[in-house]
There are 2 protein chains.
Amino acid sequence: MHAPSHTYGTGTAAALAALAAQLPPHALVTESDVLDAHRTDHAPFCPSGSPAALVRAHSTEEVSLVLRTADEHRIPVVPQGARTGLAGGANAVDGCILLSVERMDRILEIDTTDQVAVVEAGVVNAVFSRAVAEHGLFYPPDPSSWEMSTLGGNAATNAGGLCCVKYGVTGDFVRGLTVVLADGTVLRTGRRTAKGVAGYDLTHLFVGSEGTLGVITEVVLALRPAAQTPLTAVAFFPTPAEACAAVADYMADGTRPSLLELMDRPTMDVVSAYRDLGFPPEAGAVLIAQSDRGDQAAEDLKRFAHVAQTHRGDAVVADDPAEAEMLLEARRLVGIATQSLGAYLAEDVCVPRRVLADLVDGVADIARRHRVLITCVAHAGDGNLHPHVIFDPARTDEVERAQRAFGAVMDLGLALGGTITGEHGVGVLKRDWLTKELGPAGLRVHHSIKRALDPHGILNPGKVLADRV
Amino acid sequence: MHAPSHTYGTGTAAALAALAAQLPPHALVTESDVLDAHRTDHAPFCPSGSPAALVRAHSTEEVSLVLRTADEHRIPVVPQGARTGLAGGANAVDGCILLSVERMDRILEIDTTDQVAVVEAGVVNAVFSRAVAEHGLFYPPDPSSWEMSTLGGNAATNAGGLCCVKYGVTGDFVRGLTVVLADGTVLRTGRRTAKGVAGYDLTHLFVGSEGTLGVITEVVLALRPAAQTPLTAVAFFPTPAEACAAVADYMADGTRPSLLELMDRPTMDVVSAYRDLGFPPEAGAVLIAQSDRGDQAAEDLKRFAHVAQTHRGDAVVADDPAEAEMLLEARRLVGIATQSLGAYLAEDVCVPRRVLADLVDGVADIARRHRVLITCVAHAGDGNLHPHVIFDPARTDEVERAQRAFGAVMDLGLALGGTITGEHGVGVLKRDWLTKELGPAGLRVHHSIKRALDPHGILNPGKVLADRV
């Protein structure tokens, strides 16, 4: 370990010295190149400050030590997992301690009878999902980052994914937490039983609070029995509006698909430019649907094809897993294909399904008005649209237009009765729009809860909520 | 309306006069017989105080007026729905205003496309469930009180029921709330979209908070497509331990029953004394299982019969709905048959399924040790046991033994890694045990949140948490 940085106040220097004395070797890092490498998450164009130190905690006790020390010295603490977030929630603030739980990566227990597991916060989603699969169990939440993101981060942001449409989001699987509070107190919330109503639901107060109320160090997760291999279908539509109408009809129809994704024409073009998958040139939108209901899956997808047809959709059901894999590949390539175009802002509005078509059409209109390229991919069954606003970061005017378009999409989502964020969270990226969504009463309650749990405001300050005025 | 009572301080008299002047005629009631009739919920042996008034609110605005006025004058307010609770959560405290939302009974919206509804808090569960069924939709939460209890009360207590084992509890269906805070502020929480992570999950902080953090006046509820008619099976076992082992195995096996109930021998005896349903005299326990998976239901129950057999269970699958109805009748009669014996305390511990047998055996032991009759019925698939401690209220020593047995059951539930309440809530009945379950850190956080949202402590004081010291 190097000597603590002297850039900050004597309080910080004293705190870092105290931590250095009590933490194991190498846990506290102040090398500027390492700090720089940990300043941001995956959100582009979010402000990040200059951290004073990084602590790689190996236990709840170490997290507690860091918070107790930081709280005494009023040093901001930014909790970090794999920093795959898309809203700047894990970005450094000036003079902060970056508190990483990535090294807390033990799966503590997998209970096959009660179908529940206990994990440390730094366990990677994919590692865990594979581990439970070996026991014939299934952990559904599958954010796109699942090969990298941690379960603690997933819980802190209440991450979604492709399976949500049938199985729900991360929070639906969190039964209990170990959380370290701002003053270092170790709190256990919730339960490991299927049901329980003893006291306030603190568990779900911390889930999705993006590290502003406490630092999650352990998670009790519900599991499900292994799902059956899904069948896959794809349907091409003349227009996005018709694809959205098919989504609304199919979801209202009774069977719940295990995946229902939409891509608009600009998305198909971006994917095609990256790899030619033979999209029909006249298609305005495509839906990909899966059913994992075993013997009933074929019937489900026949029904999907029928609903698609009533909206001028042309559906094909994959004959085998290899063909299904090919159909899904298009969806999987969206991220990398979009990245290959340069910078983009990933939107995340979620609206009632009945107005999804209005949202998609409205986004196309926003793209035209602001003269930017916006591609739309959606967890359509949930009404959760991800418009990607693509722009050249070297061109100031284009950046400005992109940012205005980005805001216009959120305003439209709110106007349609939706939310500014379906699964990515608020972070710093959407803080100002959160004020709009919550309204004065909601904002006041948020601040009062923040104050109650973090009276000195050291926990991830400026994230989700603006600093107290 | 009669003149406000003069039993209380001038503050109360002034507040009631102010309310009388602003509320519609008949909304404010101070007649002592009416107040007496509203002093308690369905929990026996819970203390209740003497209310100053009852307000029957017809709108969120009236609820807001009552709370604003009460907060100014520091008058306790006890929110009430249908008062079917089993923990004394709706019981009056001295000098309080009973604030009933029973008259707020409008179903404001049923949206079949997005499968979501908006209701006022006083809508009765059964009325709502039937209304959505007419639209081909399904609202699963089905507490035993569903013919009487209100959706606002269900949300405030996070009520469970028989369907939970497959579909989840009330909270799993609550997407958003209108809540009036202690100072009269009207807060809207949550969303009506399928997903959303904008800000803290205030919705689920209020769900299950038993009127101690705010008064719920409207609820946004998720719905499901109509379920298929279930098939029913019943299996008799030599011992409860074998029945519990079958539950654990069947639940771990993959298919999720839509109902899985257990009754022990004492319960069968109590039911038989009320109505002879021809239980086999040698059976130590019975399981009732349902599957509503359409074409797969028969296969599910065959599997259930097989699992039962491996634990010496003797299973019968009902041939038709009439026979199924007969099998379920036994379960439905438990309440009324138990009531016919005199007084009883309804327990509600919930444990991991792997130790359900230990809990059932332990309860039998507690009954022997305390020389009281305890019958056990369980939402077995959830590990949620309802031991009914039956006693003669006229015999002081028996009451004392019953109360000690009641406590011993909760201690056992906690020792087995469970919770003191799976679905009934804390109220005043279990407040002291909640302290044990939460521990000092949990209790401290509960109090700090209570203070943040209800600084003058007017909302349902003494419920869930002891009054601040």
# chains A, B, ... in the order shown; residues from 1 in each chain; ligands from 1
>>> interface_residues(of="chain A", to="chain B", cutoff="6 Å", atoms="only C-alpha atoms", output="VMD selection string")
chain A and resid 113 to 114 187 193 to 198 200 to 201 205 209 225 252 254 351 to 353 382 421 to 423 425 441 448 452
>>> select_by_dssp(residues="stretch 107-353 of chain B", states="helix (DSSP H, G or I)", output="PyMOL selection string")
chain B and resi 125-133+151-157+164-167+170-173+202-206+240-252+265-274+294-310+321-339+353
>>> select_by_dssp(residues="stretch 52-296 of chain A", states="strand (DSSP E)", output="number ranges by chain")
A: 53-56, 77-80, 97-100, 107-111, 116-120, 137-138, 174-180, 186-190, 215-222, 224-225, 231-237, 259-264, 285-291
>>> residues_around(residues="B:Phe237", least_positions_apart="5", cutoff="9 Å", atoms="only C-alpha atoms", output="PyMOL selection string")
chain B and resi 242-243+282-287+308-309+311-315
>>> write_last_selection(atoms="N, CA and C atoms", output="CSV table (one decimal), in the first residue's frame")
chain,number,residue,atom,x,y,z
B,242,GLU,N,-44.6,-37.2,8.2
B,242,GLU,CA,-44.5,-37.8,6.9
B,242,GLU,C,-45.2,-36.8,5.9
B,243,ALA,N,-46.3,-36.2,6.3
B,243,ALA,CA,-47.0,-35.3,5.4
B,243,ALA,C,-46.1,-34.1,5.1
B,282,GLU,N,-57.3,-43.5,11.5
B,282,GLU,CA,-55.9,-43.8,11.8
B,282,GLU,C,-55.0,-42.7,11.2
B,283,ALA,N,-55.5,-41.8,10.4
B,283,ALA,CA,-54.7,-40.8,9.8
B,283,ALA,C,-54.2,-39.8,10.8
B,284,GLY,N,-52.9,-39.4,10.7
B,284,GLY,CA,-52.3,-38.4,11.6
B,284,GLY,C,-52.3,-37.1,11.0
B,285,ALA,N,-52.4,-37.0,9.7
B,285,ALA,CA,-52.4,-35.7,9.0
B,285,ALA,C,-53.0,-35.9,7.6
B,286,VAL,N,-53.5,-34.8,7.0
B,286,VAL,CA,-54.0,-34.9,5.7
B,286,VAL,C,-53.4,-33.7,4.9
B,287,LEU,N,-53.1,-33.9,3.6
B,287,LEU,CA,-52.8,-32.9,2.7
B,287,LEU,C,-53.8,-32.7,1.6
B,308,ALA,N,-46.6,-38.6,-2.2
B,308,ALA,CA,-47.2,-38.9,-1.0
B,308,ALA,C,-47.0,-40.4,-0.6
B,309,GLN,N,-47.1,-41.3,-1.6
B,309,GLN,CA,-46.9,-42.7,-1.4
B,309,GLN,C,-45.5,-43.0,-0.8
B,311,HIS,N,-44.0,-41.4,1.2
B,311,HIS,CA,-44.0,-41.1,2.6
B,311,HIS,C,-45.2,-41.7,3.3
B,312,ARG,N,-45.6,-42.9,2.8
B,312,ARG,CA,-46.6,-43.7,3.4
B,312,ARG,C,-48.0,-42.9,3.4
B,313,GLY,N,-48.1,-42.0,2.4
B,313,GLY,CA,-49.4,-41.3,2.2
B,313,GLY,C,-50.3,-42.1,1.3
B,314,ASP,N,-51.6,-41.9,1.5
B,314,ASP,CA,-52.6,-42.6,0.7
B,314,ASP,C,-53.4,-41.5,0.0
B,315,ALA,N,-53.2,-41.4,-1.3
B,315,ALA,CA,-53.8,-40.3,-2.0
B,315,ALA,C,-55.0,-40.6,-2.9
>>> residues_around(residues="A:Ile97", least_positions_apart="4", cutoff="12 Å", atoms="only C-alpha atoms", output="VMD selection string")
chain A and resid 4 to 5 8 12 to 13 15 to 16 19 28 to 30 35 38 to 39 49 to 57 63 66 to 67 69 to 71 73 to 80 90 to 93 458 to 461
>>> residues_around(residues="A:Ser340", least_positions_apart="6", cutoff="10 Å", atoms="only C-alpha atoms", output="mmCIF file with N, CA, C and O atoms, in the first residue's frame")
data_model
loop_
_atom_site.group_PDB
_atom_site.id
_atom_site.type_symbol
_atom_site.label_atom_id
_atom_site.label_comp_id
_atom_site.auth_asym_id
_atom_site.auth_seq_id
_atom_site.Cartn_x
_atom_site.Cartn_y
_atom_site.Cartn_z
ATOM 1 N N VAL A 270 -28.871 -1.395 -37.996
ATOM 2 C CA VAL A 270 -27.592 -1.340 -37.275
ATOM 3 C C VAL A 270 -27.016 -2.754 -37.136
ATOM 4 O O VAL A 270 -25.822 -2.978 -37.352
ATOM 5 N N VAL A 271 -27.880 -3.705 -36.791
ATOM 6 C CA VAL A 271 -27.423 -5.095 -36.654
ATOM 7 C C VAL A 271 -26.948 -5.620 -38.010
ATOM 8 O O VAL A 271 -25.896 -6.257 -38.111
ATOM 9 N N ALA A 273 -25.752 -4.019 -40.512
ATOM 10 C CA ALA A 273 -24.479 -3.409 -40.898
ATOM 11 C C ALA A 273 -23.317 -4.125 -40.209
ATOM 12 O O ALA A 273 -22.201 -4.179 -40.726
ATOM 13 N N TYR A 274 -23.615 -4.675 -39.034
ATOM 14 C CA TYR A 274 -22.584 -5.386 -38.275
ATOM 15 C C TYR A 274 -22.461 -6.821 -38.758
ATOM 16 O O TYR A 274 -21.362 -7.343 -38.944
ATOM 17 N N VAL A 334 -27.391 -6.576 -30.683
ATOM 18 C CA VAL A 334 -27.772 -5.163 -30.665
ATOM 19 C C VAL A 334 -26.729 -4.314 -29.942
ATOM 20 O O VAL A 334 -26.284 -3.283 -30.450
#
>>> residues_around(residues="B:Ile390", least_positions_apart="3", cutoff="6 Å", atoms="only C-alpha atoms", output="PyMOL selection string")
chain B and resi 343-344+373
>>> write_last_selection(atoms="N, CA and C atoms", output="tab-separated table (two decimals), in the first residue's frame")
chain	number	residue	atom	x	y	z
B	343	ALA	N	-62.92	-19.97	22.73
B	343	ALA	CA	-61.91	-18.99	22.32
B	343	ALA	C	-60.66	-19.69	21.79
B	344	TYR	N	-59.99	-19.03	20.86
B	344	TYR	CA	-58.69	-19.55	20.43
B	344	TYR	C	-57.80	-18.42	19.95
B	373	LEU	N	-55.14	-27.49	24.15
B	373	LEU	CA	-55.38	-28.09	22.84
B	373	LEU	C	-54.84	-27.13	21.78
>>> atom_distance(atom1="atom CA of B:Asn154", atom2="atom CA of A:Pro141")
27.9 Å
>>> atom_distance(atom1="atom CA of B:Cys244", atom2="atom CA of B:Arg332")
20.2 Å
>>> residues_around(residues="B:Gly81", least_positions_apart="4", cutoff="6 Å", atoms="only C-alpha atoms", output="ChimeraX atom specification")
/B:100-102,150,153
>>> decode(residues="stretch 7-22 of chain B", atoms="all heavy atoms", output="tab-separated table (two decimals), in the first residue's frame")
chain	number	residue	atom	x	y	z
B	7	THR	N	-65.06	14.14	26.76
B	7	THR	CA	-64.23	13.31	27.64
B	7	THR	C	-62.75	13.66	27.47
B	7	THR	O	-61.95	13.42	28.35
B	7	THR	CB	-64.43	11.84	27.30
B	7	THR	OG1	-65.81	11.62	27.01
B	7	THR	CG2	-63.99	10.93	28.45
B	8	TYR	N	-62.37	14.19	26.31
B	8	TYR	CA	-60.96	14.37	26.01
B	8	TYR	C	-60.57	15.83	26.15
B	8	TYR	O	-61.40	16.68	26.42
B	8	TYR	CB	-60.67	13.81	24.63
B	8	TYR	CG	-61.14	12.39	24.58
B	8	TYR	CD1	-62.37	12.06	24.01
B	8	TYR	CD2	-60.42	11.38	25.22
B	8	TYR	CE1	-62.84	10.76	24.04
B	8	TYR	CE2	-60.88	10.08	25.25
B	8	TYR	CZ	-62.09	9.78	24.66
B	8	TYR	OH	-62.56	8.50	24.71
B	9	GLY	N	-59.32	16.10	25.95
B	9	GLY	CA	-58.77	17.44	26.14
B	9	GLY	C	-59.44	18.45	25.21
B	9	GLY	O	-60.14	18.10	24.26
B	10	THR	N	-59.18	19.69	25.48
B	10	THR	CA	-59.76	20.73	24.65
B	10	THR	C	-59.26	20.64	23.22
B	10	THR	O	-59.96	20.97	22.28
B	10	THR	CB	-59.40	22.13	25.21
B	10	THR	OG1	-58.00	22.16	25.44
B	10	THR	CG2	-60.13	22.38	26.52
B	11	GLY	N	-58.01	20.14	23.08
B	11	GLY	CA	-57.47	19.95	21.73
B	11	GLY	C	-58.36	19.02	20.94
B	11	GLY	O	-58.73	19.31	19.78
B	12	THR	N	-58.72	17.89	21.54
B	12	THR	CA	-59.56	16.93	20.85
B	12	THR	C	-60.93	17.53	20.53
B	12	THR	O	-61.44	17.39	19.41
B	12	THR	CB	-59.74	15.66	21.71
B	12	THR	OG1	-58.45	15.11	21.96
B	12	THR	CG2	-60.60	14.63	21.01
B	13	ALA	N	-61.50	18.22	21.50
B	13	ALA	CA	-62.82	18.83	21.27
B	13	ALA	C	-62.74	19.83	20.11
B	13	ALA	O	-63.60	19.82	19.21
B	13	ALA	CB	-63.30	19.53	22.54
B	14	ALA	N	-61.70	20.63	20.11
B	14	ALA	CA	-61.54	21.62	19.03
B	14	ALA	C	-61.36	20.92	17.69
B	14	ALA	O	-61.95	21.32	16.66
B	14	ALA	CB	-60.35	22.52	19.33
B	15	ALA	N	-60.56	19.86	17.68
B	15	ALA	CA	-60.31	19.14	16.42
B	15	ALA	C	-61.60	18.51	15.91
B	15	ALA	O	-61.91	18.60	14.71
B	15	ALA	CB	-59.26	18.06	16.65
B	16	LEU	N	-62.36	17.89	16.79
B	16	LEU	CA	-63.59	17.24	16.35
B	16	LEU	C	-64.60	18.28	15.86
B	16	LEU	O	-65.32	18.06	14.87
B	16	LEU	CB	-64.19	16.39	17.47
B	16	LEU	CG	-63.35	15.19	17.93
B	16	LEU	CD1	-64.13	14.34	18.93
B	16	LEU	CD2	-62.89	14.34	16.75
B	17	ALA	N	-64.63	19.43	16.53
B	17	ALA	CA	-65.52	20.50	16.08
B	17	ALA	C	-65.12	20.97	14.68
B	17	ALA	O	-65.96	21.17	13.80
B	17	ALA	CB	-65.50	21.66	17.07
B	18	ALA	N	-63.82	21.10	14.50
B	18	ALA	CA	-63.33	21.54	13.18
B	18	ALA	C	-63.68	20.51	12.11
B	18	ALA	O	-64.10	20.85	11.00
B	18	ALA	CB	-61.81	21.75	13.24
B	19	LEU	N	-63.50	19.23	12.44
B	19	LEU	CA	-63.83	18.18	11.47
B	19	LEU	C	-65.33	18.17	11.18
B	19	LEU	O	-65.76	18.03	10.04
B	19	LEU	CB	-63.38	16.81	11.99
B	19	LEU	CG	-61.87	16.57	11.99
B	19	LEU	CD1	-61.54	15.22	12.63
B	19	LEU	CD2	-61.31	16.63	10.56
B	20	ALA	N	-66.12	18.30	12.25
B	20	ALA	CA	-67.58	18.29	12.08
B	20	ALA	C	-68.01	19.40	11.14
B	20	ALA	O	-68.93	19.23	10.33
B	20	ALA	CB	-68.27	18.44	13.43
B	21	ALA	N	-67.33	20.53	11.24
B	21	ALA	CA	-67.70	21.66	10.40
B	21	ALA	C	-67.33	21.44	8.93
B	21	ALA	O	-67.97	21.97	8.03
B	21	ALA	CB	-67.02	22.93	10.92
B	22	GLN	N	-66.30	20.63	8.70
B	22	GLN	CA	-65.79	20.50	7.33
B	22	GLN	C	-66.20	19.20	6.63
B	22	GLN	O	-66.20	19.12	5.41
B	22	GLN	CB	-64.26	20.60	7.34
B	22	GLN	CG	-63.77	21.99	7.76
B	22	GLN	CD	-62.25	22.02	7.87
B	22	GLN	OE1	-61.56	22.13	6.88
B	22	GLN	NE2	-61.75	21.90	9.09
